[in-house]
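Remarks on the structure that follows.
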Amino acid sequence: PSPIILRNLAVPRFFGAAANTTFLYHDVNYTEVISTQFSIFTPENEMKWENIEPEQGIFDFSAPDEIVHFAESVDAKVRGHNFMWGNQLPAWVNTSLSATELDRALENHITTIMNHYRGKLYAWDVINEMISDNAPNETFKDNIWTQKFGEEAMPKALTYARAVDKQPKLYINDYGTEGINAKSDALYSVVSSFLKDGVAVDAIGFQCHFTLNQIPDTLARNLQRFADLGLDVAITELDINLDGPANATALAQQAQDYWTVVNACVQTNRCVSVTVWGVSDDHSWIPNGEVLPWNAEKQPKPAFYAIADAFEGK
Ligand code: G3I
């Protein structure tokens with residue numbers, strides 16, 4: 001039988017992975033899988049502020065460029081990740097600047113990076129994890145951006161991004177917003193007001209860091225309500241934590257859970273991509289969760305075949 005290539009089965013959608021330069025070209029089996037199975041990549045850490053602008057005005061494009069060149073070499077797209085987030089910030093951003101200085105630093109960061117990658121990136125996670133976990137009591141997460149700019153934080157970043165480059169899709173990306181709940185309701189009303197006010201936003205990313213057997217049953221309906229606003233939607237960081245031993249029952253349930261998530265995307269016509277957050281279980285941000293579709297030996301797990309089925313409408 002011909003080998004299963006998920007990126008082909010995903011068409012017209014993209015199938016993606018978080019790519020990591022620690023393993024790319026250093027682990028041959030990783031490189032083999034990542035070179036064949038995916039049509040879109042998100043740099044796992046390489047474009048985050050602390051790595052790409054560690055000192056003010058000093059940009060290091062070496063690692064992110066490696067991913068962009070790799071993606072070009074395998075005819076895959078790239079999602080930039082990310083501009084505005086409360087984590088992985090260098091101290092100079094997180095502590096010492098006045099509001100005016102921080103505003104200029106944000107604009108310079110976005111402008112310099114988007115100019116560097118002009119014509120090369122499919123999308124940007126302009127906003128990452130800015131909605132509060134305490135909705136509806138609080139709408140925005142408490143971090144340096146909201147401390148300095150309040151509710152103007154997200155519009156600032158989106159507006160700066162659109163002003164540099166009209167081409168890439170501008171995303172708001174978050175976790176805990178996958179099902180219909182207080183947090184996704186807060187996101188929905190923020191996004192609705194942005195659309196009414198003409199703030200640039202093209203798409204919503206749903207991270208989907210899930211635990212076994214806990215896929216929200218409102219996932220598909222939730223994707224659809226954001227799509228109905230006229231936006232693209234995407235699954236941006238999918239993984240499913242076994243949270244226990246990797247026996248046959250758990251691996252079968254994990255496969256079912258992957259199917260459920262990919263199927264929800266397939267059922268939503270504006271769902272443009274499914275990205276898994278890593279490739280194989282040995283190179284995940286969750287070291288012992290066996291969260292990914294390939295095992296540590298880079299062999300496909302039941303989840304891999306379930307993803308194939310979901311893309312094929314089976
Ligand atoms: O590179 C340094 C290395 O020099 C140092 O010796 C080592 C010691 O701890 O740390 C290394 O940095 C680590 C980095 O990953 C690269 O491996 C950081 O400690 C570690 O915190 C960092 O974790 C990343 C995490 O974001 C940080 O917030 C994960 O790899 C990455 O998968 C994860 O990704 C996030 C998304 O961006 C946003 N959504 C949630 C998702 C999972 O947390």
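Ligands are numbered from 1 in the order shown, chains are lettered A, B, ... in the order of the structure tokens, and residues start at 1 in each chain.
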
Exercise for the section: Taking only C-alpha atoms and all ligand atoms into account, report as a list in words which residues have an atom no farther than 9 Å from an atom of ligand 1. Expected result: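 The distance check yields Ala18, Asn20, Thr22, Pro43, Glu44, Asn45, Glu46, Lys48, Asn51, His81, Asn82, Trp85, Asn87, Gln88, Asn128, Glu129, Asn173, Asp174, Tyr175, Gln207, His209, Thr236, Glu237, Trp277, Gly278, Ser284, Trp285 and Ile286 of chain A.
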
Print the selection's residues with N, CA and C atoms to a file, as a compact mmCIF listing (two decimals), in the first residue's frame.
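Produced file out_23.txt, reproduced below:
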# COMPACT_ATOMS: atom_id res chain seq x y z
N ALA A 18 4.32 22.15 15.14
CA ALA A 18 5.32 23.05 15.72
C ALA A 18 6.68 22.48 15.34
N ASN A 20 10.94 22.74 15.59
CA ASN A 20 11.89 23.13 16.62
C ASN A 20 13.31 22.90 16.12
N THR A 22 16.00 22.74 17.63
CA THR A 22 16.82 21.85 18.45
C THR A 22 16.90 20.45 17.84
N PRO A 43 6.99 27.89 14.32
CA PRO A 43 8.20 27.76 15.14
C PRO A 43 7.81 27.64 16.62
N GLU A 44 8.29 26.57 17.28
CA GLU A 44 7.82 26.32 18.65
C GLU A 44 8.27 27.41 19.61
N ASN A 45 9.49 27.90 19.47
CA ASN A 45 10.03 28.94 20.36
C ASN A 45 10.80 30.04 19.64
N GLU A 46 11.21 29.80 18.40
CA GLU A 46 12.24 30.60 17.74
C GLU A 46 11.84 32.04 17.45
N LYS A 48 9.68 33.76 19.42
CA LYS A 48 9.20 34.42 20.64
C LYS A 48 10.15 35.56 21.02
N ASN A 51 13.73 35.30 22.31
CA ASN A 51 14.69 34.70 21.39
C ASN A 51 14.99 35.59 20.19
N HIS A 81 4.80 33.01 15.20
CA HIS A 81 4.33 32.80 16.59
C HIS A 81 5.36 33.38 17.53
N ASN A 82 5.14 34.41 18.25
CA ASN A 82 3.99 35.31 18.25
C ASN A 82 4.46 36.72 18.58
N TRP A 85 2.39 38.46 23.90
CA TRP A 85 2.17 37.38 24.87
C TRP A 85 2.78 37.82 26.19
N ASN A 87 4.32 35.75 28.24
CA ASN A 87 5.42 34.84 28.59
C ASN A 87 6.59 34.98 27.61
N GLN A 88 7.73 34.41 28.02
CA GLN A 88 8.92 34.39 27.17
C GLN A 88 9.26 35.80 26.66
N ASN A 128 -1.38 36.21 21.54
CA ASN A 128 -1.35 34.88 22.14
C ASN A 128 -1.77 34.95 23.61
N GLU A 129 -2.83 34.25 23.94
CA GLU A 129 -3.22 34.05 25.35
C GLU A 129 -3.43 35.35 26.11
N ASN A 173 -4.86 33.99 19.11
CA ASN A 173 -4.67 32.57 19.46
C ASN A 173 -4.85 32.41 20.97
N ASP A 174 -5.55 31.36 21.39
CA ASP A 174 -5.72 31.18 22.84
C ASP A 174 -6.02 29.73 23.17
N TYR A 175 -5.95 29.43 24.48
CA TYR A 175 -6.28 28.11 24.99
C TYR A 175 -7.50 28.24 25.90
N GLN A 207 -5.94 26.55 20.50
CA GLN A 207 -4.72 25.77 20.73
C GLN A 207 -5.01 24.26 20.82
N HIS A 209 -4.72 22.08 23.54
CA HIS A 209 -3.90 21.23 24.43
C HIS A 209 -4.88 20.48 25.32
N THR A 236 -4.47 25.15 16.36
CA THR A 236 -3.10 25.65 16.25
C THR A 236 -2.04 24.91 17.07
N GLU A 237 -2.43 24.18 18.12
CA GLU A 237 -1.40 23.58 18.99
C GLU A 237 -1.88 22.24 19.56
N TRP A 277 1.24 20.14 18.18
CA TRP A 277 2.30 20.91 18.87
C TRP A 277 3.52 20.02 19.12
N GLY A 278 4.22 19.75 18.01
CA GLY A 278 5.35 18.84 18.04
C GLY A 278 5.11 17.75 17.01
N SER A 284 8.27 16.61 22.98
CA SER A 284 7.10 17.43 23.29
C SER A 284 7.36 18.30 24.50
N TRP A 285 6.67 19.42 24.60
CA TRP A 285 6.75 20.27 25.80
C TRP A 285 6.18 19.56 27.02
N ILE A 286 5.40 18.48 26.78
CA ILE A 286 4.92 17.63 27.88
C ILE A 286 5.72 16.34 27.80

Practice task
Considering only C-alpha atoms, return as a list in words whatever protein or nucleic-acid residues lie within 12 Å of A:Gln147, sequence-local ones (same chain, fewer than 2 positions apart) excluded.
Solution key: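 Skipping anything fewer than 2 positions along the chain leaves Gly86, Asn94, Thr95, Leu97, Ser98, Ala99, Leu102, Met130, Phe140, Lys141, Asp142, Asn143, Ile144, Trp145, Phe149, Gly150, Glu151, Glu152 and Ala153 of chain A.
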
Exercise for the section: Taking the DSSP assignment computed from this structure's backbone, write out as a list of chain:residue names all residues of stretch 126-171 of chain A that belong to alpha helix (DSSP H). Expected result: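 Result set for stretch 126-171 of chain A (alpha helix (DSSP H)): A:Ile144, A:Trp145, A:Thr146, A:Gln147, A:Lys148, A:Phe149, A:Ala153, A:Met154, A:Pro155, A:Lys156, A:Ala157, A:Leu158, A:Thr159, A:Tyr160, A:Ala161, A:Arg162, A:Ala163, A:Val164.
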
Exercise for the section: Considering only C-alpha atoms, state which residue in the set A:Leu219, A:Met154, A:Ile204, A:Tyr160 is at the smallest distance from A:Gly179. Expected result: A:Leu219

Problem - Of the listed residues A:Leu292, A:Ile58, A:Ile67, A:Ile172, that which approaches A:Asp202 most closely, counting only C-alpha atoms - result: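 The shortest atom-to-atom distance to A:Asp202 comes from A:Ile172.
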
Practice task
Extract, using only C-alpha atoms, all DNA, RNA and protein residues at most 8 Å from stretch 111-127 of chain A, discarding same-chain residues fewer than 3 positions from it, and format them as a count of residues only.
Solution key: 28

Problem - strand (DSSP E) positions in stretch 76-171 of chain A, given as a ChimeraX atom specification - result: /A:77-84,123-128,169-171

Handout entry: Spatial neighbours of A:Val190, max dist 9 Å, only C-alpha atoms, sep filter under 5 positions, as a ChimeraX atom specification
Key = /A:139,185,195

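When only C-alpha atoms are used to compute distances to A:Lys301, the closest of the residues A:Ala246, A:Val272, A:Val262, A:Ile110 turns out to be A:Ala246.
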
Problem - Neighbour list for A:Arg225 as a PyMOL selection string, cut-off 12 Å, only C-alpha atoms, skip fewer than 3 positions in-chain - result: chain A and resi 178-180+184-185+187-189+191-192+204+218-222+228-233+268-271

Using only C-alpha atoms, please write the residues we just selected to a file, as a PDB file, in the first residue's frame.
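And here is the file that came out, again_34.pdb:
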ATOM      1  CA  GLU A 178     -12.131  25.540  22.402  1.00  0.00           C
ATOM      2  CA  GLY A 179     -15.563  24.776  23.818  1.00  0.00           C
ATOM      3  CA  ILE A 180     -18.454  27.141  24.468  1.00  0.00           C
ATOM      4  CA  SER A 184     -14.713  31.666  24.713  1.00  0.00           C
ATOM      5  CA  ASP A 185     -17.748  33.916  25.261  1.00  0.00           C
ATOM      6  CA  LEU A 187     -13.187  36.095  23.303  1.00  0.00           C
ATOM      7  CA  TYR A 188     -16.307  36.128  21.121  1.00  0.00           C
ATOM      8  CA  SER A 189     -17.423  39.504  22.419  1.00  0.00           C
ATOM      9  CA  VAL A 191     -13.596  39.819  18.568  1.00  0.00           C
ATOM     10  CA  SER A 192     -17.107  41.010  17.711  1.00  0.00           C
ATOM     11  CA  ILE A 204      -8.953  32.787  15.489  1.00  0.00           C
ATOM     12  CA  THR A 218     -19.171  21.980  21.902  1.00  0.00           C
ATOM     13  CA  LEU A 219     -15.894  22.221  19.935  1.00  0.00           C
ATOM     14  CA  ALA A 220     -17.448  22.064  16.440  1.00  0.00           C
ATOM     15  CA  ARG A 221     -20.272  24.459  17.333  1.00  0.00           C
ATOM     16  CA  ASN A 222     -17.762  26.873  18.820  1.00  0.00           C
ATOM     17  CA  ASP A 228     -19.853  32.749  11.176  1.00  0.00           C
ATOM     18  CA  LEU A 229     -18.318  36.113  12.117  1.00  0.00           C
ATOM     19  CA  GLY A 230     -16.554  35.940   8.744  1.00  0.00           C
ATOM     20  CA  LEU A 231     -13.225  34.755  10.155  1.00  0.00           C
ATOM     21  CA  ASP A 232     -10.952  31.837   9.413  1.00  0.00           C
ATOM     22  CA  VAL A 233     -10.468  29.431  12.296  1.00  0.00           C
ATOM     23  CA  THR A 268     -16.157  23.701   9.533  1.00  0.00           C
ATOM     24  CA  ASN A 269     -15.597  25.071   6.061  1.00  0.00           C
ATOM     25  CA  ARG A 270     -13.554  28.052   7.272  1.00  0.00           C
ATOM     26  CA  CYS A 271     -11.271  25.857   9.375  1.00  0.00           C
TER      27      CYS A 271
END

Practice task
Tell me, as a count of residues only, which residues lie within 6 Å of A:Asp281, counting only C-alpha atoms; anything in the same chain fewer than 6 positions away does not count.
Solution key: 4
